Amino acid sequence: MVAMTNALWHGFADMGAVNAAGPFVIARGDGAHVFDTDGNQYLDATAGLWFTNIGHGRAEVADAVAAQLGKLAHYSGFGDLTADVTVDLANRLSEIAPVAGSKLFFTSGGSDSVETAAKLARRYWREVGKPEKTFLVGRSKAYHGMHIGGTSLAGIPANHDGYGEFLPDTQTVDWDDAKSLLGLIERVGAERIAAFFCEPIIGAGGVYLPPEGYLEEVRAICRDNDVLFVADEVVTGFGRIGGESWFASSRFGLEPDMVTTAKGLTSGYVPMGAVFIAPRIAEPFHGGGVWFRHGYTYGGHAGAAAAAMANLDIIEREGLLGEASRLEGDLASAFAPLADLDVVSEVRVGLGAVAAVQLADPATAPAAVLKLRANGVVTRAAGQGALQVSPTFVMTTEQVGELAQRFADALG
């Protein structure tokens, strides 16, 4: 690899180690593969970071963005201003929303989407005469981005450490026990709780699939106790959940009050996020005389909206929701046997185009990532020693088998 001076401060990194070894630089991508600056080819096990649903190197998306930038790169979306492509995207997304008639609030990414939903949950209750409902609830192991609100809601202690107290009136409950949520509601009081944030599949916290019936049960608890249900689908949205569904909320019939999204919205070609807001939550703000004083300079960015439209075109034209469902079975068949390896304690797989190979000794994860890289696989460690698998939807059955074999060779 080409030696270079590295002025870049990497996220989630021991920069001393990065500076000593040098960065691992990805130069290009094609389909399910990426290539380093020396031309070495790797299977991309993580689709960038959960997001490259349509695969790498799609010139169609680049062309759509270039054409839009040549006309209008972006304009403020504040007040009554917007771009035509942004309106078109909002209307198109509303048609596939888990709740019919949802409104779309555009953001710059997943962390922004979570922050937006947290603020809107509190404002909604104030607008309907219940200002005491400010409490926000998350789950252990959950990841909700890295802004103040999302970090406070999340259940990954290492991401909290060293910063002091963040957002008050937040608490986490057990990730896999609906009764834990009910118990918190009974202790704090439903009259104080604004919203419950729920990843249908816990992603960065280690790729944990929901126990049978869990999602439906927590949704019912929220409905019964007048608590807003926010589905964090930054990872699972736009097909990754499988079942030929756009969203986990649709696959499981959750009818959420809000859905936070990003990643698969543009397949990562341009940064963009969106919050789907159910009609009853939007209604107090759309009748006139009420301002939601919140927004982002690049929310609804015209170039990003063009990328999203092209991305959705590809998903629909090529039947990639069906391919994600095919991957659900492919990953289960190919990766489940890795649980027999001595260094593996568990393989979590069987729902959506995701899997996790849990190492028995989490401390070995960094070395395992490097060993896999030497075997032509790019992946990363998530949670406590789980190796992430979340491939692009264009990865073939044969490539999934090859990927699993390379895992076995590296870990065996």
# chains A, B, ... in the order shown; residues from 1 in each chain; ligands from 1
$ select_by_dssp --residues "range 13-149 of chain A" --states "strand (DSSP E or B)" --output "count of residues only"
25
$ closest_atom_pairs --of "range 155-224 of chain A" --to "range 133-145 of chain A" --cutoff "12 Å" --atoms "only C-alpha atoms" --output "Markdown table"
| residue | atom | partner | partner_atom | distance |
| --- | --- | --- | --- | --- |
| A:Gly155 | CA | A:Ser140 | CA | 3.9 |
| A:Ile156 | CA | A:Lys141 | CA | 5.2 |
| A:Pro157 | CA | A:Lys141 | CA | 8.4 |
| A:Ala158 | CA | A:Lys141 | CA | 10.5 |
| A:Asn159 | CA | A:Tyr143 | CA | 9.2 |
| A:His160 | CA | A:Tyr143 | CA | 11.2 |
| A:Leu167 | CA | A:Leu136 | CA | 9.5 |
| A:Pro168 | CA | A:Phe135 | CA | 8.2 |
| A:Asp169 | CA | A:Phe135 | CA | 4.7 |
| A:Thr170 | CA | A:Leu136 | CA | 4.8 |
| A:Gln171 | CA | A:Val137 | CA | 5.1 |
| A:Thr172 | CA | A:Gly138 | CA | 4.5 |
| A:Val173 | CA | A:Arg139 | CA | 4.7 |
| A:Asp174 | CA | A:Ser140 | CA | 5.4 |
| A:Trp175 | CA | A:Arg139 | CA | 4.9 |
| A:Asp176 | CA | A:Arg139 | CA | 8.5 |
| A:Asp177 | CA | A:Arg139 | CA | 9.7 |
| A:Ala178 | CA | A:Arg139 | CA | 10.3 |
| A:Ser180 | CA | A:Arg139 | CA | 9.6 |
| A:Leu181 | CA | A:Val137 | CA | 8.4 |
| A:Leu182 | CA | A:Val137 | CA | 11.2 |
| A:Leu184 | CA | A:Val137 | CA | 8.9 |
| A:Ile185 | CA | A:Val137 | CA | 9.5 |
| A:Val188 | CA | A:Phe135 | CA | 8.7 |
| A:Gly189 | CA | A:Lys133 | CA | 9.5 |
| A:Ala190 | CA | A:Lys133 | CA | 8.1 |
| A:Glu191 | CA | A:Lys133 | CA | 6.0 |
| A:Arg192 | CA | A:Lys133 | CA | 4.0 |
| A:Ile193 | CA | A:Phe135 | CA | 4.4 |
| A:Ala194 | CA | A:Lys133 | CA | 4.7 |
| A:Ala195 | CA | A:Leu136 | CA | 5.2 |
| A:Phe196 | CA | A:Val137 | CA | 4.7 |
| A:Phe197 | CA | A:Gly138 | CA | 5.1 |
| A:Cys198 | CA | A:Gly138 | CA | 6.7 |
| A:Glu199 | CA | A:Ala142 | CA | 7.0 |
| A:Pro200 | CA | A:Ala142 | CA | 10.0 |
| A:Ile201 | CA | A:Ala142 | CA | 9.1 |
| A:Ile202 | CA | A:Ala142 | CA | 5.8 |
| A:Gly203 | CA | A:Tyr143 | CA | 7.0 |
| A:Ala204 | CA | A:Tyr143 | CA | 6.0 |
| A:Gly205 | CA | A:Lys141 | CA | 4.8 |
| A:Gly206 | CA | A:Lys141 | CA | 7.4 |
| A:Val207 | CA | A:Lys141 | CA | 9.3 |
| A:Tyr208 | CA | A:Lys141 | CA | 8.6 |
| A:Leu209 | CA | A:Lys141 | CA | 11.6 |
| A:Pro210 | CA | A:Ala142 | CA | 11.8 |
| A:Val218 | CA | A:Arg139 | CA | 11.5 |
| A:Cys222 | CA | A:Val137 | CA | 11.0 |
$ residues_around --residues "Thr260 in chain A" --least-positions-apart "2" --cutoff "12 Å" --atoms "only C-alpha atoms" --output "count of residues only"
52
$ atom_distance --atom1 "CA of Phe51 in chain A" --atom2 "CA of Leu89 in chain A"
18.5 Å
$ residues_around --residues "Ala47 in chain A" --least-positions-apart "2" --cutoff "12 Å" --atoms "only C-alpha atoms" --output "NGL selection string"
:A and (29-34 or 42-45 or 49-56 or 235 or 240 or 263-264 or 267-269 or 353-354 or 377-380 or 388-395)
$ atom_distance --atom1 "CA of Pro23 in chain A" --atom2 "CA of Thr266 in chain A"
26.0 Å
$ closest_residue --among "A:Ile315, A:Ala382, A:Gly39, A:Thr364" --to "Ile26 in chain A" --atoms "only C-alpha atoms"
A:Gly39
$ residues_around --residues "Ala13 in chain A" --least-positions-apart "5" --cutoff "12 Å" --atoms "only C-alpha atoms" --output "PyMOL selection string"
chain A and resi 8+18-19+23+366+380-381
$ write_last_selection --atoms "all heavy atoms" --output "PDB file, in the first residue's frame"
ATOM      1  N   LEU A   8      -5.594  12.826   8.775  1.00  0.00           N
ATOM      2  CA  LEU A   8      -6.995  12.525   9.060  1.00  0.00           C
ATOM      3  C   LEU A   8      -7.160  11.936  10.449  1.00  0.00           C
ATOM      4  O   LEU A   8      -6.461  10.995  10.831  1.00  0.00           O
ATOM      5  CB  LEU A   8      -7.517  11.531   8.011  1.00  0.00           C
ATOM      6  CG  LEU A   8      -8.939  11.019   8.192  1.00  0.00           C
ATOM      7  CD1 LEU A   8      -9.949  12.148   8.056  1.00  0.00           C
ATOM      8  CD2 LEU A   8      -9.232   9.904   7.185  1.00  0.00           C
ATOM      9  N   VAL A  18      -3.340   3.669  14.515  1.00  0.00           N
ATOM     10  CA  VAL A  18      -3.517   4.005  13.097  1.00  0.00           C
ATOM     11  C   VAL A  18      -2.280   4.706  12.557  1.00  0.00           C
ATOM     12  O   VAL A  18      -1.788   4.392  11.461  1.00  0.00           O
ATOM     13  CB  VAL A  18      -4.773   4.887  12.899  1.00  0.00           C
ATOM     14  CG1 VAL A  18      -4.863   5.373  11.453  1.00  0.00           C
ATOM     15  CG2 VAL A  18      -6.035   4.132  13.288  1.00  0.00           C
ATOM     16  N   ASN A  19      -1.751   5.649  13.327  1.00  0.00           N
ATOM     17  CA  ASN A  19      -0.576   6.381  12.865  1.00  0.00           C
ATOM     18  C   ASN A  19       0.639   5.473  12.738  1.00  0.00           C
ATOM     19  O   ASN A  19       1.481   5.650  11.848  1.00  0.00           O
ATOM     20  CB  ASN A  19      -0.274   7.531  13.822  1.00  0.00           C
ATOM     21  CG  ASN A  19      -1.335   8.609  13.771  1.00  0.00           C
ATOM     22  OD1 ASN A  19      -2.019   8.777  12.767  1.00  0.00           O
ATOM     23  ND2 ASN A  19      -1.491   9.344  14.871  1.00  0.00           N
ATOM     24  N   PRO A  23      -3.070   4.117   7.602  1.00  0.00           N
ATOM     25  CA  PRO A  23      -4.467   3.806   7.320  1.00  0.00           C
ATOM     26  C   PRO A  23      -4.599   2.740   6.226  1.00  0.00           C
ATOM     27  O   PRO A  23      -3.700   2.573   5.397  1.00  0.00           O
ATOM     28  CB  PRO A  23      -5.037   5.140   6.851  1.00  0.00           C
ATOM     29  CG  PRO A  23      -3.865   5.855   6.251  1.00  0.00           C
ATOM     30  CD  PRO A  23      -2.685   5.444   7.082  1.00  0.00           C
ATOM     31  N   PRO A 366      -9.777  -7.387  17.083  1.00  0.00           N
ATOM     32  CA  PRO A 366      -8.923  -6.603  16.176  1.00  0.00           C
ATOM     33  C   PRO A 366      -7.985  -7.474  15.348  1.00  0.00           C
ATOM     34  O   PRO A 366      -7.800  -7.233  14.149  1.00  0.00           O
ATOM     35  CB  PRO A 366      -8.154  -5.684  17.129  1.00  0.00           C
ATOM     36  CG  PRO A 366      -9.037  -5.560  18.329  1.00  0.00           C
ATOM     37  CD  PRO A 366      -9.673  -6.908  18.482  1.00  0.00           C
ATOM     38  N   ARG A 380     -15.503  -5.550  10.213  1.00  0.00           N
ATOM     39  CA  ARG A 380     -15.127  -4.824  11.414  1.00  0.00           C
ATOM     40  C   ARG A 380     -15.745  -5.530  12.609  1.00  0.00           C
ATOM     41  O   ARG A 380     -16.627  -6.391  12.475  1.00  0.00           O
ATOM     42  CB  ARG A 380     -15.620  -3.380  11.370  1.00  0.00           C
ATOM     43  CG  ARG A 380     -17.129  -3.256  11.469  1.00  0.00           C
ATOM     44  CD  ARG A 380     -17.564  -1.830  11.715  1.00  0.00           C
ATOM     45  NE  ARG A 380     -18.974  -1.768  12.055  1.00  0.00           N
ATOM     46  CZ  ARG A 380     -19.474  -0.960  12.986  1.00  0.00           C
ATOM     47  NH1 ARG A 380     -18.692  -0.155  13.670  1.00  0.00           N
ATOM     48  NH2 ARG A 380     -20.770  -0.946  13.240  1.00  0.00           N
ATOM     49  N   ALA A 381     -15.280  -5.160  13.797  1.00  0.00           N
ATOM     50  CA  ALA A 381     -15.854  -5.689  15.028  1.00  0.00           C
ATOM     51  C   ALA A 381     -16.952  -4.758  15.503  1.00  0.00           C
ATOM     52  O   ALA A 381     -16.809  -3.535  15.481  1.00  0.00           O
ATOM     53  CB  ALA A 381     -14.782  -5.817  16.101  1.00  0.00           C
TER      54      ALA A 381
END
$ closest_residue --among "A:Val290, A:Leu93, A:Ala304, A:Leu359" --to "Ala67 in chain A" --atoms "only C-alpha atoms"
A:Ala304
$ atom_distance --atom1 "CA of Gly11 in chain A" --atom2 "CA of Ala386 in chain A"
18.7 Å
$ closest_residue --among "A:Asp226, A:Glu323, A:Asp80, A:Glu127" --to "Gly352 in chain A" --atoms "only C-alpha atoms"
A:Glu323
